[in-house]
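See below for the structure under consideration.
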Amino acid sequence: MSPYKIQAGIDGEIYPVFANYASLQRQGDRTFGVVSVTLSNSTDAVELRRVNVAIPGWSDDEIQTVELAPGTTHILAFAPAFLPACTKTMRLLPLRPE
């Protein structure tokens, strides 16, 4: 089992209006994000994970940390703040993970 799984946008497309709405909410209050990262800990020890997410050229970094108990899975919802130029366009942004 992979220690993480990444899902972005709707069918890989990121809509700036949804990204900005989600970025205005506190991390713990979000019901959705632009990027979701599922973390798994298949070890016998507690793990502390730090995850950074950014849409290169379009957003700031968002950083989250989580403590994973042995044998658990946790989903982090990310909504990095998009740069002002991005919010003025109506284009869809194809996600190209690097």
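For the structure tokens, the naming scheme is as follows: chains receive sequential letters (A, B, ...) according to their order of presentation, residues are indexed from 1 within each chain, and ligands are indexed from 1 in presentation order.
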Contacts of Arg49 of chain A at 7 Å (only C-alpha atoms; same-chain gap of 6+ positions) as a PyMOL selection string: chain A and resi 65-67
Residues flagged strand (DSSP E) by DSSP in chain A, as a VMD selection string: chain A and resid 4 to 8 13 to 14 35 to 40 47 to 53 62 to 68 73 to 78 93 to 94
May I have the selected residues written with C-alpha atoms, as a PDB file, in the first residue's frame?
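Generated file (part-v6.pdb):
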ATOM      1  CA  TYR A   4      -0.024   8.543   0.135  1.00  0.00           C
ATOM      2  CA  LYS A   5      -2.547   9.214  -2.643  1.00  0.00           C
ATOM      3  CA  ILE A   6      -3.187  12.572  -4.352  1.00  0.00           C
ATOM      4  CA  GLN A   7      -6.400  13.771  -5.970  1.00  0.00           C
ATOM      5  CA  ALA A   8      -6.764  17.190  -7.557  1.00  0.00           C
ATOM      6  CA  GLU A  13      -9.289  20.494 -13.638  1.00  0.00           C
ATOM      7  CA  ILE A  14      -9.043  23.207 -10.977  1.00  0.00           C
ATOM      8  CA  VAL A  35      -6.104  18.970  -3.659  1.00  0.00           C
ATOM      9  CA  SER A  36      -6.779  16.046  -1.328  1.00  0.00           C
ATOM     10  CA  VAL A  37      -3.905  13.996   0.024  1.00  0.00           C
ATOM     11  CA  THR A  38      -4.654  10.654   1.669  1.00  0.00           C
ATOM     12  CA  LEU A  39      -1.869   9.545   4.020  1.00  0.00           C
ATOM     13  CA  SER A  40      -1.503   6.007   5.356  1.00  0.00           C
ATOM     14  CA  GLU A  47       4.513   9.042  12.235  1.00  0.00           C
ATOM     15  CA  LEU A  48       4.545  12.823  11.937  1.00  0.00           C
ATOM     16  CA  ARG A  49       3.998  13.916   8.348  1.00  0.00           C
ATOM     17  CA  ARG A  50       4.423  17.385   6.816  1.00  0.00           C
ATOM     18  CA  VAL A  51       2.837  17.946   3.399  1.00  0.00           C
ATOM     19  CA  ASN A  52       3.278  20.991   1.118  1.00  0.00           C
ATOM     20  CA  VAL A  53       0.912  21.666  -1.777  1.00  0.00           C
ATOM     21  CA  GLU A  62      -0.028  25.523   1.833  1.00  0.00           C
ATOM     22  CA  ILE A  63       1.570  23.383   4.533  1.00  0.00           C
ATOM     23  CA  GLN A  64      -0.205  20.935   6.821  1.00  0.00           C
ATOM     24  CA  THR A  65       1.124  18.502   9.396  1.00  0.00           C
ATOM     25  CA  VAL A  66      -0.570  15.451  10.819  1.00  0.00           C
ATOM     26  CA  GLU A  67       0.326  12.794  13.363  1.00  0.00           C
ATOM     27  CA  LEU A  68      -0.655   9.342  12.124  1.00  0.00           C
ATOM     28  CA  THR A  73      -5.304   6.686   7.269  1.00  0.00           C
ATOM     29  CA  HIS A  74      -6.013  10.427   7.209  1.00  0.00           C
ATOM     30  CA  ILE A  75      -7.224  12.763   4.445  1.00  0.00           C
ATOM     31  CA  LEU A  76      -5.919  16.329   4.234  1.00  0.00           C
ATOM     32  CA  ALA A  77      -7.877  18.896   2.179  1.00  0.00           C
ATOM     33  CA  PHE A  78      -5.664  21.600   0.683  1.00  0.00           C
ATOM     34  CA  LEU A  93      -6.454  25.150 -15.021  1.00  0.00           C
ATOM     35  CA  PRO A  94      -5.227  21.681 -15.911  1.00  0.00           C
TER      36      PRO A  94
END
Atom pair atom CA of Gly28 of chain A / atom CA of Asp11 of chain A: separation (Å):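 Answer for the atom CA of Gly28 of chain A to atom CA of Asp11 of chain A separation: 24.3 Å.
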Contact residues around Leu83 of chain A with only C-alpha atoms at 12 Å, ignoring same-chain residues under 4 positions, as a PyMOL selection string: chain A and resi 16-17+19-20+23+54-61+87-89
Okay, now the selection with N, CA, C and O atoms, as an mmCIF file, in the first residue's frame?
data_model
loop_
_atom_site.group_PDB
_atom_site.id
_atom_site.type_symbol
_atom_site.label_atom_id
_atom_site.label_comp_id
_atom_site.auth_asym_id
_atom_site.auth_seq_id
_atom_site.Cartn_x
_atom_site.Cartn_y
_atom_site.Cartn_z
ATOM 1 N N PRO A 16 -10.698 28.190 -10.300
ATOM 2 C CA PRO A 16 -10.249 29.219 -9.357
ATOM 3 C C PRO A 16 -11.310 29.678 -8.364
ATOM 4 O O PRO A 16 -11.006 29.937 -7.212
ATOM 5 N N VAL A 17 -12.567 29.753 -8.779
ATOM 6 C CA VAL A 17 -13.604 30.225 -7.861
ATOM 7 C C VAL A 17 -13.755 29.268 -6.673
ATOM 8 O O VAL A 17 -13.907 29.702 -5.540
ATOM 9 N N ALA A 19 -11.398 27.191 -5.614
ATOM 10 C CA ALA A 19 -10.134 27.240 -4.889
ATOM 11 C C ALA A 19 -10.114 28.424 -3.924
ATOM 12 O O ALA A 19 -9.720 28.281 -2.757
ATOM 13 N N ASN A 20 -10.534 29.585 -4.392
ATOM 14 C CA ASN A 20 -10.543 30.758 -3.517
ATOM 15 C C ASN A 20 -11.530 30.606 -2.372
ATOM 16 O O ASN A 20 -11.237 30.990 -1.245
ATOM 17 N N SER A 23 -9.999 28.320 0.153
ATOM 18 C CA SER A 23 -8.817 28.889 0.810
ATOM 19 C C SER A 23 -9.193 29.890 1.902
ATOM 20 O O SER A 23 -8.381 30.169 2.784
ATOM 21 N N ALA A 54 1.242 23.127 -3.679
ATOM 22 C CA ALA A 54 1.197 24.377 -4.444
ATOM 23 C C ALA A 54 0.859 24.027 -5.881
ATOM 24 O O ALA A 54 1.217 22.958 -6.366
ATOM 25 N N ILE A 55 0.146 24.904 -6.538
ATOM 26 C CA ILE A 55 -0.103 24.775 -7.974
ATOM 27 C C ILE A 55 0.929 25.705 -8.623
ATOM 28 O O ILE A 55 0.784 26.929 -8.556
ATOM 29 N N PRO A 56 2.008 25.154 -9.197
ATOM 30 C CA PRO A 56 3.121 25.981 -9.694
ATOM 31 C C PRO A 56 2.655 27.096 -10.634
ATOM 32 O O PRO A 56 1.946 26.857 -11.600
ATOM 33 N N GLY A 57 3.054 28.321 -10.287
ATOM 34 C CA GLY A 57 2.713 29.478 -11.091
ATOM 35 C C GLY A 57 1.333 30.057 -10.832
ATOM 36 O O GLY A 57 0.984 31.098 -11.367
ATOM 37 N N TRP A 58 0.532 29.377 -10.022
ATOM 38 C CA TRP A 58 -0.844 29.815 -9.796
ATOM 39 C C TRP A 58 -1.185 30.055 -8.334
ATOM 40 O O TRP A 58 -2.145 30.763 -8.038
ATOM 41 N N SER A 59 -0.456 29.433 -7.405
ATOM 42 C CA SER A 59 -0.843 29.568 -5.998
ATOM 43 C C SER A 59 0.369 29.653 -5.079
ATOM 44 O O SER A 59 1.488 29.317 -5.463
ATOM 45 N N ASP A 60 0.080 30.079 -3.852
ATOM 46 C CA ASP A 60 1.064 30.012 -2.776
ATOM 47 C C ASP A 60 1.162 28.571 -2.295
ATOM 48 O O ASP A 60 0.331 27.732 -2.641
ATOM 49 N N ASP A 61 2.158 28.301 -1.454
ATOM 50 C CA ASP A 61 2.258 27.013 -0.768
ATOM 51 C C ASP A 61 1.255 26.954 0.368
ATOM 52 O O ASP A 61 0.997 27.961 1.025
ATOM 53 N N THR A 87 -7.267 34.674 -10.306
ATOM 54 C CA THR A 87 -8.682 34.870 -9.975
ATOM 55 C C THR A 87 -9.380 35.781 -10.965
ATOM 56 O O THR A 87 -10.605 35.848 -10.966
ATOM 57 N N LYS A 88 -8.636 36.456 -11.824
ATOM 58 C CA LYS A 88 -9.242 37.348 -12.815
ATOM 59 C C LYS A 88 -9.581 36.631 -14.115
ATOM 60 O O LYS A 88 -10.183 37.205 -14.994
ATOM 61 N N THR A 89 -9.188 35.381 -14.220
ATOM 62 C CA THR A 89 -9.445 34.623 -15.442
ATOM 63 C C THR A 89 -10.580 33.629 -15.220
ATOM 64 O O THR A 89 -10.819 33.196 -14.104
#
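We find atom CA of Phe18 of chain A and atom CA of Pro3 of chain A to be spaced 27.5 Å apart.
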Who sits within 8 Å of Asp44 of chain A, only C-alpha atoms, same chain under 2 positions skipped, as a PyMOL selection string: chain A and resi 42+46+70-71
